[in-house]
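To be precise, the following lines are final_35.cif, and they hold mmCIF, C-alpha atoms.
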data_structure
#
loop_
_atom_site.label_atom_id
_atom_site.label_comp_id
_atom_site.auth_asym_id
_atom_site.auth_seq_id
_atom_site.Cartn_x
_atom_site.Cartn_y
_atom_site.Cartn_z
CA MET A 1 108.19 80.52 99.69
CA VAL A 2 105.50 79.38 102.12
CA VAL A 3 104.24 75.94 101.10
CA PRO A 4 100.47 75.27 101.31
CA CYS A 5 99.56 72.99 104.18
CA ALA A 6 98.98 69.35 103.31
CA LEU A 7 95.91 69.35 105.57
CA PRO A 8 94.21 72.74 105.08
CA ILE A 9 91.51 73.70 107.57
CA SER A 10 88.00 72.62 106.48
CA THR A 11 89.35 71.40 103.11
CA PRO A 12 89.34 67.82 101.78
CA VAL A 13 92.77 66.24 101.48
CA SER A 14 92.15 65.63 97.79
CA GLU A 15 91.44 69.32 97.04
CA VAL A 16 94.23 71.11 95.19
CA PRO A 17 95.11 74.47 96.81
CA ASP A 18 94.09 77.50 94.79
CA PRO A 19 97.31 79.45 94.13
CA HIS A 20 95.36 82.68 93.69
CA LEU A 21 94.12 82.38 97.29
CA ALA A 22 97.47 81.40 98.72
CA SER A 23 99.65 83.88 96.82
CA PRO A 24 98.73 87.23 98.46
CA PHE A 25 99.22 85.83 101.96
CA SER A 26 102.47 84.10 100.99
CA ASP A 27 103.78 87.23 99.29
CA PHE A 28 102.94 89.24 102.40
CA THR A 29 104.67 86.88 104.84
CA ASP A 30 107.67 86.51 102.50
CA GLN A 31 108.22 90.27 102.53
CA VAL A 32 107.37 91.12 106.12
CA PHE A 33 109.31 88.25 107.73
CA GLN A 34 112.23 88.15 105.28
CA ASN A 35 114.71 89.44 107.88
CA LEU A 36 114.09 86.65 110.39
CA ARG A 37 117.36 84.76 110.41
CA ARG A 38 116.13 81.17 110.31
CA ALA A 39 113.73 79.52 107.90
CA ASP A 40 111.87 77.82 110.77
CA GLN A 41 111.28 81.23 112.40
CA ARG A 42 109.83 82.57 109.16
CA ARG A 43 107.53 79.57 108.79
CA TRP A 44 106.33 79.79 112.40
CA ALA A 45 105.72 83.51 111.89
CA GLY A 46 103.49 82.67 108.93
CA ALA A 47 101.69 79.99 110.95
CA TYR A 48 101.11 82.35 113.89
CA LEU A 49 99.85 85.06 111.55
CA ALA A 50 97.49 82.63 109.83
CA GLY A 51 96.21 81.55 113.23
CA LEU A 52 95.39 85.15 114.14
CA LEU A 53 93.45 85.51 110.90
CA ILE A 54 91.39 82.32 111.05
CA THR A 55 90.85 81.62 114.76
CA PRO A 56 87.49 82.92 115.98
CA GLY A 57 87.08 84.39 119.44
CA LYS A 58 89.93 84.40 121.94
CA LYS A 59 93.37 84.12 120.34
CA SER A 60 95.18 82.10 122.99
CA VAL A 61 98.32 80.30 121.83
CA ARG A 62 96.58 76.96 122.37
CA ARG A 63 93.65 77.94 120.13
CA LEU A 64 95.99 79.37 117.47
CA ALA A 65 97.98 76.16 117.45
CA GLY A 66 94.81 74.07 117.14
CA ALA A 67 93.74 76.14 114.13
CA VAL A 68 96.98 75.65 112.17
CA SER A 69 98.23 72.20 113.20
CA ALA A 70 97.16 68.82 114.54
CA SER A 71 100.60 68.32 116.10
CA PRO A 72 100.65 68.13 119.93
CA THR A 73 103.94 70.08 119.94
CA ALA A 74 102.54 73.06 118.00
CA VAL A 75 101.41 74.83 121.18
CA GLN A 76 104.88 74.74 122.70
CA SER A 77 106.51 75.79 119.43
CA LEU A 78 104.17 78.74 118.88
CA ARG A 79 104.56 79.85 122.49
CA GLN A 80 108.33 79.56 122.17
CA PHE A 81 108.30 81.54 118.92
CA VAL A 82 106.36 84.51 120.32
CA SER A 83 107.75 84.56 123.88
CA LEU A 84 111.25 83.07 123.81
CA SER A 85 112.72 82.93 120.32
CA PRO A 86 115.31 85.76 119.97
CA TRP A 87 114.09 87.42 116.78
CA ASP A 88 114.26 91.16 116.21
CA TRP A 89 110.86 92.79 115.70
CA ASP A 90 112.22 96.10 114.36
CA PRO A 91 113.08 94.83 110.84
CA VAL A 92 109.64 93.18 110.68
CA MET A 93 107.95 96.49 111.50
CA HIS A 94 110.18 98.20 108.92
CA GLU A 95 109.00 95.81 106.20
CA LEU A 96 105.39 96.12 107.38
CA THR A 97 105.67 99.90 106.97
CA ARG A 98 107.06 99.51 103.44
CA TRP A 99 104.34 97.03 102.52
CA ALA A 100 101.60 99.34 103.85
CA GLU A 101 103.06 102.31 101.95
CA SER A 102 102.87 100.31 98.72
CA HIS A 103 99.06 100.30 99.07
CA GLY A 104 98.74 104.06 98.79
CA PRO A 105 100.13 107.31 100.16
CA ALA A 106 99.78 108.07 103.85
CA PRO A 107 99.19 111.84 103.92
CA THR A 108 98.69 111.76 107.69
CA TRP A 109 100.45 109.98 110.56
CA ALA A 110 98.63 109.25 113.81
CA ILE A 111 99.89 108.41 117.29
CA GLY A 112 97.48 106.40 119.43
CA ARG A 113 97.34 104.33 122.60
CA ALA A 114 96.45 100.77 123.46
CA VAL A 115 95.42 100.08 127.05
CA LEU A 116 95.94 96.37 127.84
CA PRO A 117 94.34 95.37 131.17
CA LYS A 118 96.27 92.78 133.16
CA ARG A 119 95.77 90.75 136.30
CA GLY A 120 98.53 90.79 138.87
CA ASP A 121 101.83 92.62 138.67
CA ARG A 122 104.18 90.24 136.82
CA SER A 123 103.58 91.30 133.18
CA VAL A 124 106.24 93.69 131.95
CA GLY A 125 105.34 97.35 132.38
CA VAL A 126 102.09 96.72 134.23
CA HIS A 127 101.05 99.65 136.43
CA ARG A 128 98.05 101.62 137.66
CA TYR A 129 96.91 103.99 134.93
CA PHE A 130 93.96 106.37 134.73
CA ASP A 131 92.30 105.79 131.37
CA PRO A 132 90.55 108.97 130.19
CA ALA A 133 88.45 107.00 127.70
CA THR A 134 86.72 104.96 130.43
CA GLY A 135 87.22 107.30 133.39
CA ARG A 136 88.67 104.41 135.40
CA THR A 137 92.03 103.58 136.93
CA LEU A 138 93.20 100.27 135.50
CA ASN A 139 95.90 97.73 136.21
CA CYS A 140 97.36 97.54 132.72
CA GLN A 141 100.14 97.84 130.20
CA LEU A 142 100.16 101.00 128.10
CA GLY A 143 101.30 100.85 124.50
CA LEU A 144 101.87 103.81 122.20
CA GLY A 145 101.40 103.08 118.50
CA ALA A 146 102.30 104.75 115.20
CA PHE A 147 99.62 104.51 112.50
CA LEU A 148 99.72 105.25 108.80
CA CYS A 149 96.48 106.85 107.61
CA ILE A 150 95.83 105.39 104.15
CA GLY A 151 92.53 106.58 102.76
CA ALA A 152 89.89 105.99 105.41
CA LEU A 153 92.00 103.28 107.07
CA GLN A 154 94.58 103.47 109.82
CA VAL A 155 97.10 100.68 110.19
CA PRO A 156 99.65 100.19 113.01
CA VAL A 157 103.28 99.98 111.95
CA ASP A 158 105.19 100.44 115.21
CA TRP A 159 104.75 100.36 118.99
CA ARG A 160 106.40 101.49 122.19
CA LEU A 161 105.72 99.98 125.61
CA LEU A 162 105.55 102.61 128.35
CA LEU A 163 107.74 101.41 131.21
CA PRO A 164 107.22 103.20 134.54
CA ALA A 165 110.45 104.01 136.39
CA PRO A 166 110.26 101.01 138.82
CA TRP A 167 110.43 98.60 135.88
CA THR A 168 113.69 100.10 134.63
CA GLU A 169 115.30 100.85 138.00
CA ASP A 170 114.77 97.50 139.75
CA PRO A 171 117.41 94.95 138.58
CA GLN A 172 115.21 92.02 139.58
CA LEU A 173 112.22 93.30 137.57
CA ARG A 174 114.46 93.97 134.58
CA ARG A 175 115.95 90.48 134.69
CA ARG A 176 112.60 88.78 135.17
CA ALA A 177 111.01 90.66 132.26
CA ARG A 178 114.14 90.40 130.05
CA ILE A 179 114.30 94.17 129.54
CA PRO A 180 117.37 94.97 127.41
CA ASP A 181 120.15 96.96 129.06
CA GLU A 182 119.76 99.91 126.69
CA VAL A 183 116.05 100.39 127.50
CA CYS A 184 115.40 103.10 130.08
CA HIS A 185 112.38 104.93 131.45
CA ARG A 186 111.10 107.48 128.94
CA PRO A 187 107.96 109.59 129.40
CA LEU A 188 105.03 109.37 127.03
CA TRP A 189 105.92 112.53 125.08
CA ALA A 190 109.47 111.26 124.43
CA GLN A 191 108.19 107.87 123.25
CA ALA A 192 105.77 109.63 120.91
CA LEU A 193 108.62 111.65 119.40
CA ASP A 194 110.64 108.46 119.00
CA LEU A 195 107.78 106.97 116.96
CA VAL A 196 107.73 110.07 114.76
CA ASP A 197 111.50 109.78 114.21
CA THR A 198 111.13 106.10 113.35
CA LEU A 199 108.40 106.80 110.79
CA GLU A 200 110.50 109.52 109.23
CA ALA A 201 113.44 107.13 108.88
CA ARG A 202 111.36 104.30 107.39
CA THR A 203 109.02 106.09 105.00
CA GLU A 204 109.49 108.00 101.79
CA PRO A 205 110.04 111.75 102.32
CA THR A 206 106.69 113.29 103.18
CA THR A 207 105.16 116.34 104.78
CA ALA A 208 102.50 114.23 106.51
CA PRO A 209 101.26 116.03 109.64
CA VAL A 210 101.11 114.17 112.94
CA VAL A 211 97.72 113.75 114.64
CA ALA A 212 97.91 112.80 118.32
CA ASP A 213 95.90 113.07 121.51
CA MET A 214 98.10 114.43 124.29
CA SER A 215 95.21 116.05 126.16
CA ASP A 216 96.01 114.22 129.42
CA ASP A 217 99.81 114.60 129.27
CA PRO A 218 101.08 117.39 131.55
CA ASP A 219 104.25 117.53 129.40
CA ALA A 220 102.43 117.94 126.09
CA ALA A 221 104.34 121.18 125.48
CA LEU A 222 107.57 119.16 125.23
CA PHE A 223 106.02 117.00 122.51
CA LEU A 224 104.89 120.10 120.61
CA ARG A 225 108.34 121.65 120.95
CA GLY A 226 109.93 118.46 119.62
CA LEU A 227 107.67 118.41 116.57
CA SER A 228 108.44 122.06 115.89
CA LEU A 229 112.20 121.45 116.09
CA ARG A 230 111.74 118.63 113.57
CA ALA A 231 109.76 120.95 111.26
CA ARG A 232 106.94 118.41 111.38
CA ASP A 233 103.42 119.82 111.08
CA PHE A 234 100.88 118.62 113.62
CA VAL A 235 97.29 118.62 114.84
CA VAL A 236 97.52 117.71 118.53
CA ALA A 237 94.89 117.56 121.27
CA VAL A 238 96.35 119.43 124.24
CA PRO A 239 95.45 119.82 127.92
CA PRO A 240 93.04 122.72 128.58
CA HIS A 241 95.58 124.15 131.04
CA LEU A 242 98.37 124.30 128.42
CA LYS A 243 100.01 127.72 128.68
CA VAL A 244 99.95 129.89 125.55
CA LEU A 245 100.77 133.48 124.60
CA PRO A 246 98.71 135.84 122.46
CA VAL A 247 100.13 136.56 119.01
CA GLY A 248 101.72 140.00 118.81
CA GLU A 249 102.88 140.12 122.42
CA ARG A 250 106.60 140.43 123.00
CA ILE A 251 108.42 137.35 124.25
CA PRO A 252 109.49 137.02 127.03
CA SER A 253 108.66 140.52 128.30
CA GLY A 254 104.96 140.32 127.46
CA PRO A 255 102.15 139.25 129.76
CA GLU A 256 102.11 135.99 131.66
CA PRO A 257 100.98 132.98 129.64
CA VAL A 258 97.34 132.02 130.00
CA SER A 259 95.60 128.65 129.74
CA ALA A 260 94.40 127.40 126.38
CA ARG A 261 90.86 127.12 127.73
CA THR A 262 90.81 130.75 128.80
CA HIS A 263 92.48 132.18 125.72
CA VAL A 264 90.50 130.35 123.03
CA SER A 265 87.27 131.92 124.29
CA GLN A 266 88.64 135.27 123.08
CA GLY A 267 88.93 134.01 119.51
CA ASN A 268 86.60 133.97 116.54
CA THR A 269 83.60 131.65 116.36
CA GLU A 270 82.54 130.15 113.05
CA THR A 271 80.63 127.19 111.68
CA VAL A 272 82.77 124.70 109.76
CA LEU A 273 81.93 121.59 107.75
CA VAL A 274 84.01 118.75 109.16
CA THR A 275 84.58 115.68 106.96
CA SER A 276 85.61 112.40 108.57
CA PRO A 277 87.91 109.95 106.70
CA ASP A 278 84.92 107.80 105.67
CA GLY A 279 83.28 110.79 103.98
CA ARG A 280 80.67 111.64 106.59
CA GLN A 281 80.15 115.37 107.09
CA GLN A 282 78.98 117.37 110.07
CA GLU A 283 78.62 121.06 110.80
CA LEU A 284 80.36 122.18 113.99
CA MET A 285 80.66 125.53 115.72
CA VAL A 286 84.34 126.14 116.39
CA GLN A 287 86.28 128.81 118.28
CA SER A 288 89.85 129.51 117.17
CA ILE A 289 92.66 131.97 117.80
CA LEU A 290 96.33 132.33 116.85
CA VAL A 291 98.80 131.80 119.69
CA ARG A 292 102.48 131.33 120.42
CA MET A 293 104.13 128.91 122.79
CA PRO A 294 106.01 130.37 125.77
CA GLY A 295 109.67 129.58 126.32
CA ALA A 296 111.41 131.40 123.46
CA ARG A 297 114.79 132.84 124.41
CA ALA A 298 115.35 136.59 124.39
CA GLY A 299 116.70 137.67 121.02
CA ALA A 300 115.70 134.41 119.35
CA THR A 301 113.87 134.41 116.04
CA PRO A 302 110.12 134.48 116.84
CA GLU A 303 108.27 131.23 116.27
CA TYR A 304 105.58 131.01 113.67
CA PRO A 305 102.16 131.21 115.30
CA TYR A 306 99.96 128.20 115.90
CA ARG A 307 96.19 127.94 115.78
CA LEU A 308 94.32 126.93 118.91
CA PHE A 309 90.78 125.69 118.32
CA THR A 310 87.96 123.85 120.04
CA GLU A 311 84.38 122.84 119.36
CA VAL A 312 81.67 124.89 121.03
CA LEU A 313 79.36 122.30 122.53
CA PRO A 314 75.56 122.66 122.22
CA GLU A 315 75.26 123.48 125.91
CA GLY A 316 77.83 126.24 125.55
CA GLY A 317 80.88 124.44 126.95
CA GLN A 318 84.16 123.69 125.22
CA GLY A 319 85.24 120.44 123.63
CA VAL A 320 88.73 119.04 123.23
CA MET A 321 91.46 121.68 122.82
CA TRP A 322 93.55 121.33 119.67
CA LEU A 323 96.74 123.06 118.62
CA THR A 324 97.99 122.98 115.04
CA SER A 325 100.91 124.33 113.05
CA LEU A 326 98.76 124.27 109.87
CA THR A 327 97.75 127.92 110.11
CA HIS A 328 97.84 128.21 106.30
CA ARG A 329 95.04 125.66 105.90
CA ARG A 330 91.33 126.29 106.19
CA LEU A 331 89.89 125.61 109.61
CA ASP A 332 87.43 123.03 108.26
CA ASN A 333 90.36 121.08 106.76
CA VAL A 334 92.32 121.13 110.01
CA ALA A 335 89.27 120.19 112.09
CA SER A 336 88.69 117.28 109.71
CA LEU A 337 92.24 116.06 110.35
CA ALA A 338 91.47 116.07 114.09
CA THR A 339 88.80 113.40 113.49
CA ARG A 340 91.65 110.97 112.75
CA ARG A 341 91.83 110.53 116.52
CA HIS A 342 88.62 108.49 116.37
CA GLY A 343 90.03 106.30 113.59
CA THR A 344 93.00 105.39 115.76
CA THR A 345 90.67 104.43 118.60
CA ALA A 346 88.58 102.33 116.20
CA ALA A 347 91.68 100.55 114.86
CA VAL A 348 92.79 99.60 118.38
CA ALA A 349 89.27 98.39 119.19
CA GLY A 350 89.29 96.27 116.02
CA MET A 351 92.58 94.68 117.00
CA GLU A 352 91.12 93.90 120.41
CA ARG A 353 87.92 92.33 119.06
CA HIS A 354 89.20 90.38 116.08
CA PHE A 355 93.00 90.03 116.20
CA GLY A 356 93.86 89.03 119.77
CA LEU A 357 95.44 92.28 120.95
CA LEU A 358 94.45 91.56 124.57
CA ASP A 359 95.06 87.80 124.48
CA PHE A 360 98.82 87.56 124.92
CA GLU A 361 99.73 85.26 127.83
CA GLY A 362 103.44 86.05 128.08
CA ARG A 363 105.07 88.49 130.48
CA SER A 364 108.43 89.44 128.98
CA PHE A 365 109.54 92.59 127.17
CA PRO A 366 110.54 90.77 123.93
CA GLY A 367 107.32 88.73 124.06
CA TRP A 368 105.20 91.89 124.26
CA TYR A 369 106.88 93.37 121.20
CA HIS A 370 106.66 90.08 119.29
CA HIS A 371 102.94 89.87 120.03
CA MET A 372 102.24 93.50 119.07
CA THR A 373 104.23 93.03 115.86
CA LEU A 374 102.29 89.93 114.83
CA VAL A 375 98.89 91.41 115.69
CA SER A 376 99.77 94.57 113.76
CA ALA A 377 100.83 92.50 110.74
CA ALA A 378 97.60 90.47 110.79
CA TYR A 379 95.44 93.59 111.13
CA THR A 380 97.30 95.51 108.43
CA TYR A 381 97.17 92.58 105.99
CA GLN A 382 93.43 92.08 106.42
CA ARG A 383 92.53 95.77 106.31
CA LEU A 384 94.61 96.68 103.27
CA THR A 385 93.92 93.58 101.16
CA HIS A 386 90.26 93.19 102.23
CA ARG A 387 90.77 89.47 101.77
CA PRO A 388 89.28 86.74 103.94
CA ALA A 389 91.49 84.53 106.06
CA PRO A 390 93.73 82.23 103.99
CA ARG A 391 92.09 78.87 103.30
CA HIS A 392 95.41 77.09 102.84
CA LEU A 393 97.80 77.56 105.71
CA PRO A 394 101.58 77.31 105.85
CA CYS A 395 102.88 73.92 106.83
CA CYS A 396 103.87 73.93 110.49
CA PRO A 397 107.64 73.56 110.60
CA THR A 398 109.67 71.47 112.93
CA PRO A 399 109.90 72.75 116.51
CA LEU A 400 112.22 75.67 117.05
CA PRO A 401 115.59 74.75 118.55
CA GLN A 402 116.03 75.96 122.11
CA ASN A 403 119.07 77.78 123.36
CA GLY A 404 120.30 77.38 126.92
CA TRP A 405 118.29 80.28 128.32
CA GLU A 406 115.06 78.98 126.74
CA ARG A 407 115.58 75.48 128.14
CA LEU A 408 116.14 76.94 131.60
CA HIS A 409 113.04 79.11 131.32
CA LEU A 410 110.83 76.23 130.23
CA ALA A 411 112.21 74.06 133.03
CA GLU A 412 111.35 76.77 135.57
CA ARG A 413 107.76 76.84 134.28
#
Just dump the structure as structure tokens.
Amino acid sequence: MVVPCALPISTPVSEVPDPHLASPFSDFTDQVFQNLRRADQRRWAGAYLAGLLITPGKKSVRRLAGAVSASPTAVQSLRQFVSLSPWDWDPVMHELTRWAESHGPAPTWAIGRAVLPKRGDRSVGVHRYFDPATGRTLNCQLGLGAFLCIGALQVPVDWRLLLPAPWTEDPQLRRRARIPDEVCHRPLWAQALDLVDTLEARTEPTTAPVVADMSDDPDAALFLRGLSLRARDFVVAVPPHLKVLPVGERIPSGPEPVSARTHVSQGNTETVLVTSPDGRQQELMVQSILVRMPGARAGATPEYPYRLFTEVLPEGGQGVMWLTSLTHRRLDNVASLATRRHGTTAAVAGMERHFGLLDFEGRSFPGWYHHMTLVSAAYTYQRLTHRPAPRHLPCCPTPLPQNGWERLHLAER
């Protein structure tokens, strides 16, 4: 169990900790960090998490340490825990997923992105990336996250760091960033499928559809094909140039595929009532048409059709193109699922503003995953419990022991 701190923040020494305030946070850290091998790692995890919850403004390691301890060695120990200590983040994310599921069913899964701007070129995975949301090319890291949609909330339960080919092909870059030998370059669509597979392995059996924005990925068709092979329903934003086939045409001897943008304009137009996860409703004019994906082999069993749809903008143009396998559902229901994309964006923005998503100072591959794991845990705890930051913090444990590699690294710094 996590022991209440002898010197709680903003609390007189004589005050007795309220067990009802301490218990939910302690129960959470006990479950989520139970697979960390050493007791000192588990206690530092709780201290780091508490620091993320109570520290206002920028969440630098120094400010987190100052919020949870008066010890001058706390900064080094917290930095060592997140950047150097060799703990496995995957079991932590597994437990975080189980804990989140216990707070209600997740009838929808979402895949979203986190763009983390960086200065210089030494942080793992940093590269030049065109961000469609801002219309700018940024020097950044790009993270892909898996979110459980629980009620109106979306909580992150896993991440993948997109590593451009130079980071995996250059031995010096790999060594400097401590990239494991088994990690290789994988495109965005493959990483997204990996997140879907991980969610399927960790969660209770579910038919939850996947909502994702792949509208800027030229290989979005590969992601769609992967979801279809997994029999996983989806509502996915696709590039307007995605090639589709009309329903009823023979494959592959029919006409040439046409772009989604061109083909959807031949569909039906209707007004639908779209409901966002928070209950707000809006009438939208939507065009939709049934399509097939090209690429089926001759003689193969024909694929079930998909529905292509887009909003008709007030000025007459087309909005984001969406493709869904949920052809048996009403269009207003499917269009409402597409609004989950905005919830994912809002969740990432909330982690940036209040949970230190952009404040990590380390540069290594393990450090990035440790940081994203801890930020995700803090965000998920706060959003699903709706509790304020814990008033009584875990006691800061003794400094973590250093192995030979860590001592060398600190000496080099």
- Query: For the file shown, what are the residues hit by the PyMOL selection byres ((chain A and resi 178-181) around 12), laid out as a PyMOL selection string?
  - Reply: chain A and resi 83-84+86+123-125+161+163+167-177+182-185+362-369+405-406+409
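Interatomic distance, CA of Leu313 in chain A to CA of Gly350 in chain A: 28.6 Å.
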- Item | Non-local contacts of range 270-282 of chain A (12 Å; only C-alpha atoms; under 2 positions in same chain excluded) as a VMD selection string | chain A and resid 107 to 108 149 to 154 267 to 268 284 to 289 309 to 313 330 to 344
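When CA of Asp217 in chain A is paired with CA of Thr134 in chain A, their separation reads 16.3 Å.
Take CA of Leu224 in chain A and CA of Ala347 in chain A: the distance between them is 24.3 Å.
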- If you count only C-alpha atoms, the residue of A:Pro305, A:Pro209, A:Pro294, A:Pro156 closest to Leu222 in chain A turns out to be A:Pro294
- Given the file shown, determine the residues that the PyMOL selection byres ((chain A and resi 68) around 7) selects; report them as a PyMOL selection string. chain A and resi 47+51+64-67+69+393
- Which residues come within 10 Å of Leu78 in chain A, counting only C-alpha atoms, excluding same-chain residues fewer than 4 positions away, as a PyMOL selection string? chain A and resi 41+44-45+47-48+61-62+64-65+73-74+82-85+396+399-400
Go ahead and dump the residues you just picked, C-alpha atoms, as a PDB file, in the frame of the given file.
ATOM      1  CA  GLN A  41     111.280  81.230 112.400  1.00  0.00           C
ATOM      2  CA  TRP A  44     106.330  79.790 112.400  1.00  0.00           C
ATOM      3  CA  ALA A  45     105.720  83.510 111.890  1.00  0.00           C
ATOM      4  CA  ALA A  47     101.690  79.990 110.950  1.00  0.00           C
ATOM      5  CA  TYR A  48     101.110  82.350 113.890  1.00  0.00           C
ATOM      6  CA  VAL A  61      98.320  80.300 121.830  1.00  0.00           C
ATOM      7  CA  ARG A  62      96.580  76.960 122.370  1.00  0.00           C
ATOM      8  CA  LEU A  64      95.990  79.370 117.470  1.00  0.00           C
ATOM      9  CA  ALA A  65      97.980  76.160 117.450  1.00  0.00           C
ATOM     10  CA  THR A  73     103.940  70.080 119.940  1.00  0.00           C
ATOM     11  CA  ALA A  74     102.540  73.060 118.000  1.00  0.00           C
ATOM     12  CA  VAL A  82     106.360  84.510 120.320  1.00  0.00           C
ATOM     13  CA  SER A  83     107.750  84.560 123.880  1.00  0.00           C
ATOM     14  CA  LEU A  84     111.250  83.070 123.810  1.00  0.00           C
ATOM     15  CA  SER A  85     112.720  82.930 120.320  1.00  0.00           C
ATOM     16  CA  CYS A 396     103.870  73.930 110.490  1.00  0.00           C
ATOM     17  CA  PRO A 399     109.900  72.750 116.510  1.00  0.00           C
ATOM     18  CA  LEU A 400     112.220  75.670 117.050  1.00  0.00           C
TER      19      LEU A 400
END
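Residue nearest Gln318 in chain A, chosen from A:Ala192, A:Met351, A:Ala260, A:Pro164 and counting all atoms listed in the file: A:Ala260.
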For Ser60 in chain A, list every protein, DNA or RNA residue within 8 Å, evaluated using all atoms listed in the file, and leave out those in the same chain fewer than 4 positions away; present the list as a short mmCIF file (atom, residue, chain, number, x, y, z; two decimals) with C-alpha atoms, keeping the file's coordinate frame.
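Saved file result32.cif follows:
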data_model
loop_
_atom_site.label_atom_id
_atom_site.label_comp_id
_atom_site.auth_asym_id
_atom_site.auth_seq_id
_atom_site.Cartn_x
_atom_site.Cartn_y
_atom_site.Cartn_z
CA LEU A 64 95.99 79.37 117.47
CA GLY A 356 93.86 89.03 119.77
CA ASP A 359 95.06 87.80 124.48
CA PHE A 360 98.82 87.56 124.92
CA GLU A 361 99.73 85.26 127.83
#
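Applied to this file, the PyMOL selection byres ((chain A and resi 53) around 8) selects Leu49, Ala50, Gly51, Leu52, Ile54, Thr55, Phe355, Ala378, Gln382, Ala389 and Pro390 of chain A.
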Show me the residues around (93.9, 106.5, 128.9) - criterion: an atom at most 9 Å away, all atoms listed in the file counted - as a PDB file with C-alpha atoms, in the frame of the given file.
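point-v2.pdb was written with the following content:
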ATOM      1  CA  ARG A 113      97.340 104.330 122.600  1.00  0.00           C
ATOM      2  CA  ALA A 114      96.450 100.770 123.460  1.00  0.00           C
ATOM      3  CA  VAL A 115      95.420 100.080 127.050  1.00  0.00           C
ATOM      4  CA  TYR A 129      96.910 103.990 134.930  1.00  0.00           C
ATOM      5  CA  PHE A 130      93.960 106.370 134.730  1.00  0.00           C
ATOM      6  CA  ASP A 131      92.300 105.790 131.370  1.00  0.00           C
ATOM      7  CA  PRO A 132      90.550 108.970 130.190  1.00  0.00           C
ATOM      8  CA  ALA A 133      88.450 107.000 127.700  1.00  0.00           C
ATOM      9  CA  THR A 134      86.720 104.960 130.430  1.00  0.00           C
ATOM     10  CA  GLY A 135      87.220 107.300 133.390  1.00  0.00           C
ATOM     11  CA  ARG A 136      88.670 104.410 135.400  1.00  0.00           C
ATOM     12  CA  THR A 137      92.030 103.580 136.930  1.00  0.00           C
ATOM     13  CA  LEU A 142     100.160 101.000 128.100  1.00  0.00           C
ATOM     14  CA  ASP A 216      96.010 114.220 129.420  1.00  0.00           C
TER      15      ASP A 216
END
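Residues surrounding Val155 in chain A within 6 Å are Phe147, Leu148 and Thr380 of chain A [only C-alpha atoms; sequence separation below 4 positions excluded].
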Mind dumping a table of every range 108-210 of chain A residue within 10 Å of range 229-241 of chain A, with the nearest atom pair and its distance in Å to one decimal, using all atoms listed in the file, sorted by chain and rising number, as JSON lines?
{"residue": "A:Thr108", "atom": "CA", "partner": "A:Phe234", "partner_atom": "CA", "distance": 9.3}
{"residue": "A:Trp109", "atom": "CA", "partner": "A:Phe234", "partner_atom": "CA", "distance": 9.2}
{"residue": "A:Ala110", "atom": "CA", "partner": "A:Val235", "partner_atom": "CA", "distance": 9.5}
{"residue": "A:Ile111", "atom": "CA", "partner": "A:Val236", "partner_atom": "CA", "distance": 9.7}
{"residue": "A:Leu193", "atom": "CA", "partner": "A:Arg230", "partner_atom": "CA", "distance": 9.6}
{"residue": "A:Val196", "atom": "CA", "partner": "A:Arg232", "partner_atom": "CA", "distance": 9.0}
{"residue": "A:Asp197", "atom": "CA", "partner": "A:Arg230", "partner_atom": "CA", "distance": 8.9}
{"residue": "A:Glu200", "atom": "CA", "partner": "A:Arg232", "partner_atom": "CA", "distance": 9.8}
{"residue": "A:Thr206", "atom": "CA", "partner": "A:Arg232", "partner_atom": "CA", "distance": 9.7}
{"residue": "A:Thr207", "atom": "CA", "partner": "A:Arg232", "partner_atom": "CA", "distance": 7.1}
{"residue": "A:Ala208", "atom": "CA", "partner": "A:Asp233", "partner_atom": "CA", "distance": 7.3}
{"residue": "A:Pro209", "atom": "CA", "partner": "A:Asp233", "partner_atom": "CA", "distance": 4.6}
{"residue": "A:Val210", "atom": "CA", "partner": "A:Phe234", "partner_atom": "CA", "distance": 4.5}
- Given the choices A:Gln31, A:Thr385, A:Ser26, A:Thr262, which gets closest to His103 in chain A if the distance is worked out from all atoms listed in the file? A:Thr385
- Message: For Gln191 in chain A, find every residue with an atom within 10 Å (counting all atoms listed in the file), except residues of its own chain fewer than 6 positions away, and show them as a PyMOL selection string.
- Response: chain A and resi 143-145+159-162+185+197+223
Expected file: the selected residues, C-alpha atoms, as an mmCIF file, in the frame of the given file:
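Result file is result20.cif:
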data_model
loop_
_atom_site.group_PDB
_atom_site.id
_atom_site.type_symbol
_atom_site.label_atom_id
_atom_site.label_comp_id
_atom_site.auth_asym_id
_atom_site.auth_seq_id
_atom_site.Cartn_x
_atom_site.Cartn_y
_atom_site.Cartn_z
ATOM 1 C CA GLY A 143 101.300 100.850 124.500
ATOM 2 C CA LEU A 144 101.870 103.810 122.200
ATOM 3 C CA GLY A 145 101.400 103.080 118.500
ATOM 4 C CA TRP A 159 104.750 100.360 118.990
ATOM 5 C CA ARG A 160 106.400 101.490 122.190
ATOM 6 C CA LEU A 161 105.720 99.980 125.610
ATOM 7 C CA LEU A 162 105.550 102.610 128.350
ATOM 8 C CA HIS A 185 112.380 104.930 131.450
ATOM 9 C CA ASP A 197 111.500 109.780 114.210
ATOM 10 C CA PHE A 223 106.020 117.000 122.510
#
